[in-house]
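Enquirer: Data: model_31.cif, mmCIF, C-alpha atoms.
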```
data_upload
loop_
_atom_site.label_atom_id
_atom_site.label_comp_id
_atom_site.auth_asym_id
_atom_site.auth_seq_id
_atom_site.Cartn_x
_atom_site.Cartn_y
_atom_site.Cartn_z
CA MET A 1 2.73 27.00 10.77
CA GLY A 2 1.13 26.57 14.15
CA VAL A 3 -2.57 27.15 14.15
CA PHE A 4 -3.91 27.65 10.68
CA GLY A 5 -1.51 25.36 8.87
CA PHE A 6 -2.02 22.29 10.98
CA GLU A 7 -5.69 22.78 11.60
CA LYS A 8 -6.58 22.92 7.96
CA GLY A 9 -4.16 20.12 7.24
CA PHE A 10 -1.96 21.98 4.79
CA VAL A 11 1.10 20.47 6.30
CA ASP A 12 1.56 17.50 8.54
CA ASN A 13 4.09 16.37 11.08
CA GLN A 14 6.71 15.88 8.40
CA PHE A 15 6.94 19.65 8.01
CA THR A 16 7.79 19.89 11.71
CA GLN A 17 10.50 17.33 11.16
CA LEU A 18 11.95 19.56 8.45
CA GLN A 19 11.97 22.55 10.74
CA LYS A 20 13.87 20.55 13.32
CA LEU A 21 16.65 20.14 10.79
CA ARG A 22 17.15 23.85 10.45
CA ASP A 23 19.98 25.14 12.59
CA GLU A 24 22.73 27.74 12.71
CA SER A 25 24.72 25.99 10.04
CA SER A 26 21.85 25.87 7.60
CA PRO A 27 19.21 28.45 8.53
CA GLY A 28 17.77 28.50 5.04
CA PHE A 29 17.20 24.77 4.84
CA VAL A 30 13.42 24.71 5.00
CA VAL A 31 13.04 27.65 2.64
CA GLU A 32 15.44 26.00 0.21
CA VAL A 33 13.68 22.65 0.21
CA VAL A 34 10.26 24.24 -0.03
CA SER A 35 11.38 26.42 -2.95
CA LEU A 36 12.71 23.36 -4.71
CA PHE A 37 9.40 21.67 -4.14
CA PHE A 38 7.40 24.48 -5.71
CA GLU A 39 9.73 24.63 -8.70
CA ASP A 40 9.32 20.90 -9.13
CA CYS A 41 5.56 21.15 -8.64
CA GLU A 42 5.18 23.82 -11.29
CA LYS A 43 7.21 21.85 -13.77
CA LEU A 44 5.23 18.67 -13.12
CA VAL A 45 1.88 20.44 -13.34
CA ASN A 46 2.86 21.94 -16.70
CA ASN A 47 4.00 18.59 -18.02
CA MET A 48 0.83 16.89 -16.84
CA ALA A 49 -1.35 19.60 -18.36
CA LYS A 50 0.38 19.13 -21.71
CA ALA A 51 0.04 15.37 -21.52
CA LEU A 52 -3.65 15.59 -20.71
CA GLU A 53 -4.27 17.92 -23.63
CA GLN A 54 -3.09 15.35 -26.13
CA GLN A 55 -5.54 13.54 -28.38
CA ILE A 56 -4.29 10.26 -27.01
CA VAL A 57 -3.26 10.66 -23.41
CA ASP A 58 -0.19 8.81 -22.22
CA PHE A 59 -1.51 7.90 -18.79
CA LYS A 60 1.67 6.11 -17.86
CA GLN A 61 3.60 9.31 -18.24
CA VAL A 62 1.06 11.30 -16.27
CA ASP A 63 1.19 8.61 -13.61
CA SER A 64 4.96 8.87 -13.31
CA HIS A 65 4.68 12.64 -12.85
CA VAL A 66 2.05 12.10 -10.17
CA HIS A 67 4.30 9.55 -8.53
CA GLN A 68 7.10 12.08 -8.37
CA LEU A 69 4.83 14.75 -6.95
CA LYS A 70 3.37 12.32 -4.45
CA GLY A 71 6.85 11.50 -3.23
CA SER A 72 8.10 15.04 -2.89
CA SER A 73 4.91 16.34 -1.28
CA SER A 74 5.18 13.57 1.27
CA SER A 75 8.81 14.44 1.90
CA ILE A 76 8.07 18.04 2.78
CA GLY A 77 4.84 17.29 4.59
CA ALA A 78 2.47 18.87 2.10
CA ALA A 79 -0.41 16.69 3.22
CA ARG A 80 -3.21 18.04 1.08
CA ILE A 81 -1.23 17.87 -2.12
CA HIS A 82 -0.15 14.35 -1.18
CA ASN A 83 -3.77 13.31 -0.72
CA VAL A 84 -4.81 14.72 -4.08
CA CYS A 85 -1.98 12.73 -5.65
CA ILE A 86 -3.39 9.52 -4.25
CA ALA A 87 -6.72 10.18 -5.94
CA PHE A 88 -4.87 11.36 -9.03
CA LYS A 89 -3.00 8.07 -9.27
CA THR A 90 -6.27 6.16 -9.25
CA CYS A 91 -7.58 8.29 -12.12
CA CYS A 92 -4.46 7.52 -14.08
CA GLU A 93 -4.82 3.82 -13.46
CA ASP A 94 -8.45 4.01 -14.55
CA GLN A 95 -7.38 6.05 -17.59
CA ASN A 96 -9.98 8.60 -16.57
CA ARG A 97 -9.06 11.78 -18.40
CA ASP A 98 -11.74 13.98 -16.85
CA GLY A 99 -10.85 12.72 -13.41
CA CYS A 100 -7.19 13.46 -14.10
CA VAL A 101 -7.96 16.97 -15.25
CA ARG A 102 -9.99 17.61 -12.12
CA CYS A 103 -7.18 16.28 -9.94
CA LEU A 104 -4.68 18.42 -11.75
CA GLN A 105 -6.77 21.51 -11.12
CA GLN A 106 -6.94 20.55 -7.47
CA VAL A 107 -3.18 20.06 -7.29
CA ASN A 108 -2.66 23.45 -8.83
CA HIS A 109 -5.07 25.04 -6.39
CA GLU A 110 -3.44 23.37 -3.39
CA CYS A 111 0.02 24.38 -4.55
CA ILE A 112 -0.98 28.04 -4.76
CA GLN A 113 -2.61 27.93 -1.35
CA LEU A 114 0.35 26.23 0.23
CA LYS A 115 2.74 28.67 -1.35
CA ASN A 116 0.81 31.61 0.07
CA ASN A 117 0.61 30.06 3.52
CA LEU A 118 4.28 29.19 3.65
CA GLN A 119 5.31 32.60 2.40
CA THR A 120 3.33 34.13 5.22
CA LEU A 121 4.95 31.75 7.67
CA PHE A 122 8.45 32.46 6.44
CA LYS A 123 7.86 36.22 6.60
CA LEU A 124 6.58 35.91 10.13
CA GLU A 125 9.59 33.86 11.11
CA GLN A 126 11.93 36.37 9.54
CA GLN A 127 10.29 39.14 11.53
CA ILE A 128 10.57 37.18 14.73
CA VAL A 129 14.22 36.46 14.18
CA ALA A 130 14.94 40.03 13.11
CA ALA A 131 13.32 41.28 16.29
CA GLY A 132 15.77 39.17 18.25
CA GLY A 133 13.44 36.32 19.06
CA SER A 134 13.66 32.64 18.23
CA ILE A 135 11.18 30.33 16.67
CA PRO A 136 10.03 27.67 19.12
CA ALA A 137 10.27 24.07 18.02
CA MET A 138 6.86 22.51 17.69
CA GLN A 139 6.15 19.09 19.15
CA MET B 1 41.61 1.41 18.41
CA ALA B 2 40.13 4.75 19.30
CA ILE B 3 36.50 4.89 18.34
CA THR B 4 34.89 8.01 19.66
CA GLY B 5 31.15 7.77 19.24
CA GLU B 6 30.75 11.55 19.38
CA SER B 7 32.62 12.17 16.18
CA HIS B 8 30.57 10.58 13.44
CA SER B 9 32.55 12.60 10.95
CA GLN B 10 34.71 9.54 10.51
CA PHE B 11 31.71 7.85 8.90
CA HIS B 12 31.02 8.55 5.29
CA VAL B 13 27.64 7.83 3.78
CA LEU B 14 26.86 7.65 0.09
CA ALA B 15 23.25 8.70 -0.55
CA VAL B 16 21.54 7.84 -3.81
CA ASP B 17 18.21 9.35 -4.90
CA ASP B 18 16.94 10.71 -8.20
CA SER B 19 14.67 13.25 -6.47
CA ILE B 20 16.52 16.45 -5.66
CA ILE B 21 14.20 17.17 -2.75
CA ASP B 22 14.80 13.79 -1.18
CA ARG B 23 18.51 14.14 -1.81
CA LYS B 24 18.58 17.47 0.01
CA LEU B 25 16.58 15.96 2.82
CA ILE B 26 18.70 12.88 3.34
CA GLU B 27 21.83 14.97 3.08
CA ARG B 28 20.54 17.28 5.78
CA LEU B 29 19.45 14.40 7.99
CA LEU B 30 22.85 12.75 7.69
CA LYS B 31 24.78 15.96 8.28
CA THR B 32 22.63 16.73 11.31
CA SER B 33 23.64 13.31 12.60
CA SER B 34 27.26 14.37 11.97
CA TYR B 35 28.03 12.01 9.14
CA GLN B 36 29.99 12.95 6.06
CA VAL B 37 27.77 12.75 3.01
CA THR B 38 28.13 12.36 -0.70
CA ALA B 39 24.84 12.51 -2.57
CA VAL B 40 24.41 11.32 -6.15
CA ASP B 41 21.34 11.11 -8.33
CA SER B 42 21.70 7.68 -9.88
CA GLY B 43 22.88 4.15 -9.27
CA SER B 44 25.45 4.33 -12.04
CA LYS B 45 26.95 7.49 -10.54
CA ALA B 46 27.05 5.71 -7.19
CA LEU B 47 28.98 2.81 -8.68
CA LYS B 48 31.36 5.21 -10.35
CA PHE B 49 31.99 6.94 -7.05
CA LEU B 50 32.62 3.59 -5.41
CA GLY B 51 35.21 2.84 -8.04
CA LEU B 52 33.30 0.00 -9.60
CA HIS B 53 32.98 0.08 -13.35
CA GLU B 54 30.44 -1.90 -15.35
CA GLU B 55 33.19 -3.95 -17.03
CA ASP B 56 34.44 -5.25 -13.71
CA ASP B 57 31.24 -7.15 -13.10
CA HIS B 58 31.73 -9.52 -15.99
CA SER B 59 35.41 -10.06 -15.37
CA ASN B 60 36.66 -13.29 -13.90
CA PRO B 61 37.52 -13.18 -10.19
CA ASP B 62 41.23 -13.38 -10.85
CA ARG B 63 41.29 -10.22 -12.87
CA VAL B 64 42.48 -7.13 -11.04
CA PRO B 65 39.76 -4.44 -11.08
CA SER B 66 40.64 -1.16 -12.75
CA VAL B 67 40.47 0.60 -9.42
CA SER B 68 41.86 -1.40 -6.54
CA PRO B 69 40.14 -0.98 -3.18
CA ASN B 70 43.21 0.68 -1.71
CA ASP B 71 43.09 3.42 -4.30
CA HIS B 72 39.95 4.99 -2.92
CA GLN B 73 40.89 4.67 0.72
CA GLU B 74 40.40 8.44 0.92
CA VAL B 75 36.80 8.08 -0.14
CA GLU B 76 36.03 5.10 2.01
CA VAL B 77 32.30 4.64 2.19
CA ASN B 78 30.85 3.20 5.37
CA LEU B 79 27.24 2.97 4.26
CA ILE B 80 25.13 3.32 1.15
CA ILE B 81 21.59 4.60 1.51
CA THR B 82 19.57 4.45 -1.67
CA ASP B 83 16.08 5.10 -2.96
CA TYR B 84 14.36 2.05 -4.42
CA CYS B 85 12.44 3.63 -7.31
CA MET B 86 14.92 5.21 -9.67
CA PRO B 87 14.96 5.33 -13.46
CA GLY B 88 17.55 3.08 -15.09
CA MET B 89 19.23 1.32 -12.22
CA THR B 90 16.87 0.81 -9.30
CA GLY B 91 18.03 0.73 -5.70
CA TYR B 92 17.61 -3.02 -5.81
CA ASP B 93 19.86 -3.28 -8.87
CA LEU B 94 22.45 -1.16 -7.11
CA LEU B 95 22.20 -3.34 -4.01
CA LYS B 96 22.80 -6.44 -6.11
CA LYS B 97 25.81 -4.97 -7.84
CA VAL B 98 27.35 -3.91 -4.54
CA LYS B 99 26.82 -7.31 -2.95
CA GLU B 100 28.21 -9.07 -6.01
CA SER B 101 31.39 -7.03 -5.91
CA SER B 102 34.22 -8.48 -3.91
CA SER B 103 35.56 -5.05 -3.06
CA LEU B 104 32.24 -3.50 -2.08
CA ARG B 105 30.12 -6.26 -0.64
CA ASN B 106 31.02 -5.44 2.95
CA ILE B 107 29.52 -1.98 2.70
CA PRO B 108 26.13 -1.98 4.43
CA VAL B 109 23.26 -0.92 2.18
CA VAL B 110 19.99 0.64 3.30
CA ILE B 111 17.00 0.95 0.96
CA MET B 112 14.41 3.76 1.14
CA SER B 113 11.01 3.70 -0.47
CA SER B 114 7.84 5.74 -0.41
CA GLU B 115 5.82 2.57 -0.94
CA ASN B 116 5.15 -0.10 1.63
CA VAL B 117 5.32 -3.25 -0.48
CA PRO B 118 6.13 -6.27 1.70
CA ALA B 119 7.39 -8.39 -1.20
CA ARG B 120 9.76 -5.61 -2.20
CA ILE B 121 11.02 -5.22 1.35
CA THR B 122 11.61 -8.96 1.72
CA ARG B 123 13.42 -9.12 -1.58
CA CYS B 124 15.77 -6.31 -0.58
CA LEU B 125 16.50 -7.74 2.82
CA GLU B 126 17.14 -11.16 1.29
CA GLU B 127 19.53 -9.60 -1.17
CA GLY B 128 21.54 -8.25 1.75
CA ALA B 129 20.10 -4.86 2.60
CA GLU B 130 20.56 -4.06 6.28
CA GLU B 131 17.48 -1.94 6.67
CA PHE B 132 14.49 -0.79 4.72
CA PHE B 133 13.24 2.70 5.53
CA LEU B 134 9.87 4.02 4.54
CA LYS B 135 9.87 7.59 3.33
CA PRO B 136 9.77 10.21 4.56
CA VAL B 137 12.89 9.21 6.45
CA ARG B 138 13.22 10.82 9.85
CA LEU B 139 16.10 11.63 12.16
CA ALA B 140 15.15 8.81 14.51
CA ASP B 141 15.56 6.33 11.65
CA LEU B 142 19.18 7.32 11.23
CA ASN B 143 19.95 6.09 14.73
CA ARG B 144 19.72 2.60 13.31
CA LEU B 145 22.57 3.25 10.92
CA LYS B 146 25.46 3.51 13.31
CA PRO B 147 25.59 -0.15 14.39
CA HIS B 148 25.89 -1.20 10.75
CA MET B 149 28.67 1.26 10.10
CA MET B 150 30.52 0.29 13.26
CA LYS B 151 30.37 -3.34 12.21
CA THR B 152 32.19 -2.53 9.01
CA LYS B 153 34.82 -0.45 10.75
CA ILE B 154 35.59 -3.24 13.19
CA LYS B 155 35.66 -5.79 10.41
CA ASN B 156 37.99 -3.69 8.29
CA GLU B 157 40.32 -3.20 11.17
CA LYS B 158 40.17 -6.89 11.98
CA LEU B 159 41.00 -7.77 8.39
CA GLY B 160 43.87 -5.29 8.40
CA ASP B 161 45.21 -6.80 11.58
CA GLN B 162 44.84 -10.31 10.27
CA GLU B 163 46.87 -9.48 7.20
CA LYS B 164 49.69 -8.18 9.35
CA LEU B 165 49.54 -11.23 11.61
CA GLU B 166 49.60 -13.68 8.76
CA LYS B 167 52.71 -12.03 7.50
CA SER B 168 54.46 -12.30 10.83
CA GLU B 169 53.00 -15.80 11.45
CA ILE B 170 52.09 -15.18 15.03
CA GLN B 171 48.76 -16.98 15.36
CA SER B 172 48.29 -16.66 19.11
CA GLU B 173 47.95 -12.89 18.98
CA GLN B 174 44.68 -13.26 17.14
CA GLN B 175 43.02 -14.40 20.34
CA GLN B 176 43.80 -11.10 21.97
CA GLN B 177 42.56 -9.02 19.06
CA PRO B 178 39.37 -6.98 19.44
CA PRO B 179 36.28 -9.17 19.59
CA SER B 180 33.43 -8.99 17.11
CA GLN B 181 31.53 -6.71 19.44
CA PRO B 182 31.96 -2.99 18.84
CA GLN B 183 33.36 -0.92 21.71
CA PRO B 184 30.38 0.82 23.23
CA GLU B 185 32.21 3.69 24.91
CA SER B 186 29.82 6.34 23.82
CA GLN B 187 27.20 4.22 22.18
CA PRO B 188 23.83 4.88 23.71
CA GLN B 189 22.28 1.56 22.67
CA PRO B 190 22.69 -1.31 25.13
CA GLN B 191 22.99 -4.00 22.48
CA GLN B 192 26.41 -4.81 21.08
CA SER B 193 26.68 -7.76 18.76
CA PRO B 194 24.57 -7.22 15.65
CA LEU B 195 23.47 -10.84 15.85
CA LEU B 196 21.86 -10.19 19.20
CA GLN B 197 20.38 -6.91 18.04
CA GLN B 198 17.21 -8.10 16.42
CA PRO B 199 15.06 -9.07 19.38
CA ASN B 200 16.17 -6.02 21.35
CA ASN B 201 15.46 -3.75 18.45
CA ASN B 202 11.89 -4.93 18.19
CA LYS B 203 11.32 -3.99 21.80
CA ARG B 204 13.00 -0.66 21.31
CA LYS B 205 10.81 -0.01 18.33
CA THR B 206 7.67 -0.49 20.33
CA MET B 207 8.96 1.65 23.16
CA GLU B 208 10.29 4.43 21.02
CA GLU B 209 7.44 4.53 18.61
CA GLY B 210 4.69 3.58 21.00
CA LEU B 211 2.95 6.86 20.26
CA SER B 212 2.13 5.90 16.73
CA PRO B 213 1.63 2.16 16.61
CA ASP B 214 1.26 2.00 12.86
CA ARG B 215 4.85 3.12 12.48
CA THR B 216 6.16 -0.05 14.11
CA ARG B 217 4.89 -2.01 11.17
CA ARG B 218 6.84 0.19 8.83
CA ARG B 219 10.19 -0.53 10.37
CA TYR B 220 11.82 -3.67 9.15
CA ASN B 221 15.06 -4.60 10.77
CA GLY B 222 17.42 -6.22 8.32
CA GLY B 223 18.04 -9.90 8.50
CA ILE B 224 21.71 -9.87 9.28
CA THR B 225 23.21 -11.58 6.28
CA THR B 226 26.72 -10.20 6.48
CA MET B 227 29.02 -12.48 8.35
CA VAL B 228 31.49 -11.18 10.83
#
```
Produce structure tokens that represent the structure in this file.
Expert:
Amino acid sequence: MGVFGFEKGFVDNQFTQLQKLRDESSPGFVVEVVSLFFEDCEKLVNNMAKALEQQIVDFKQVDSHVHQLKGSSSSIGAARIHNVCIAFKTCCEDQNRDGCVRCLQQVNHECIQLKNNLQTLFKLEQQIVAAGGSIPAMQ
Amino acid sequence: MAITGESHSQFHVLAVDDSIIDRKLIERLLKTSSYQVTAVDSGSKALKFLGLHEEDDHSNPDRVPSVSPNDHQEVEVNLIITDYCMPGMTGYDLLKKVKESSSLRNIPVVIMSSENVPARITRCLEEGAEEFFLKPVRLADLNRLKPHMMKTKIKNEKLGDQEKLEKSEIQSEQQQQPPSQPQPESQPQPQQSPLLQQPNNNKRKTMEEGLSPDRTRRRYNGGITTMV
């Protein structure tokens, strides 16, 4: 992710930790975990959207979805999404529907951005490896 | 007693987490550290794997459990690492059940949580958890696991030896049996007895994690409640 990822804070050091775990025996590890994350993210976003559309919003349920997303974004190092989740949790606790909707939109936006960035990164890495190079471990 | 530190594959860890991402992660971390891993998504599945059924908990101590400890010798578990926040049975509930079970209570338990709640951490450590890791768990954290697993191995072997000795009624040989300290042939850490570990570990924490001082607060070394 090098320059643009870390500078803009899309991913934090945890992402580097993940990359360290990738080796000959499991070259697809990071891609696999990241894909799982986006699947999870999509599902949670959809569930939260539905919940927030209800006449009477079940904020506890929304909060538990946010909690899940907060956990998984932290685990893969998706810093920006993680930060939105923190604000999102507060909105849930305050039972602030508008605030929640705004946070959800932000989560969605960040997810799309991250997906694009990571796809670019993975493509680049594939090209490097295909050309016979290796991807240096970042500190 | 040949304990080769290089080959961690003799150690089997049971990982429990309801999040598939965290399960994948912890599995990868453990495998990278050369441990055998079984990952399950709930506390009840963990208990099932360990051979402990719900009914056994309420039974009187004299009753023989439906699965005797010797039956699952092939799936001997040397450590349980579990998430705290799980639907149904929390990591804390699982910890309690393990420590209440006569067949399982010697298995070291480590709790993981994404939330830094001191009261929660204290409660877990008091209940017998060896360590409390804050998520996201990192490779360096796993270095703290080996001493706990070694302790169990030594203890199990000691117990096995004691049984044999009692049968043959040769008491004096017990003096010559392996001491409570683990053999440090390939163990990188200087400390040996878990009881002496705590003060050393604090220093190591500061040295190892000096770069990010806030992380030292996050690491809580377990109060050693298991008796050797």
Enquirer: Taking all atoms listed in the file into account, which residues of chain B are within 9 Å of chain A, as a list of chain:residue names?
Expert: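 Close to chain A, chain B has B:Ser19, B:Ile20, B:Ile21, B:Asp22, B:Lys24, B:Leu25, B:Arg28, B:Leu29, B:Thr32, B:Ser114, B:Lys135, B:Pro136, B:Val137, B:Arg138, B:Leu139.
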Enquirer: Skipping near chain neighbours, those fewer than 2 positions away, what residues fall within 10 Å of A:His65 using all atoms listed in the file, listed as JSON, numbers by chain?
Expert: {"A": [41, 43, 44, 45, 47, 48, 59, 60, 61, 62, 63, 67, 68, 69, 70, 71, 85, 89]}
Enquirer: May I ask for the distance between atom CA of A:Cys91 and atom CA of A:Phe15, given in Å to one decimal place?
Expert: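 Atom-to-atom, atom CA of A:Cys91 and atom CA of A:Phe15 are spaced 27.3 Å apart.
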Enquirer: Which of these residues is nearest to B:Met150, using all atoms listed in the file: B:Pro108, B:Gly88, B:Ser103, B:Lys45?
Expert: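 Among B:Pro108, B:Gly88, B:Ser103, B:Lys45, it is B:Pro108 that comes nearest to B:Met150.
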Enquirer: Could you jot down the atom CA of B:Ser44 to atom CA of B:Val109 separation for me, Å, one decimal place?
Expert: 15.3 Å
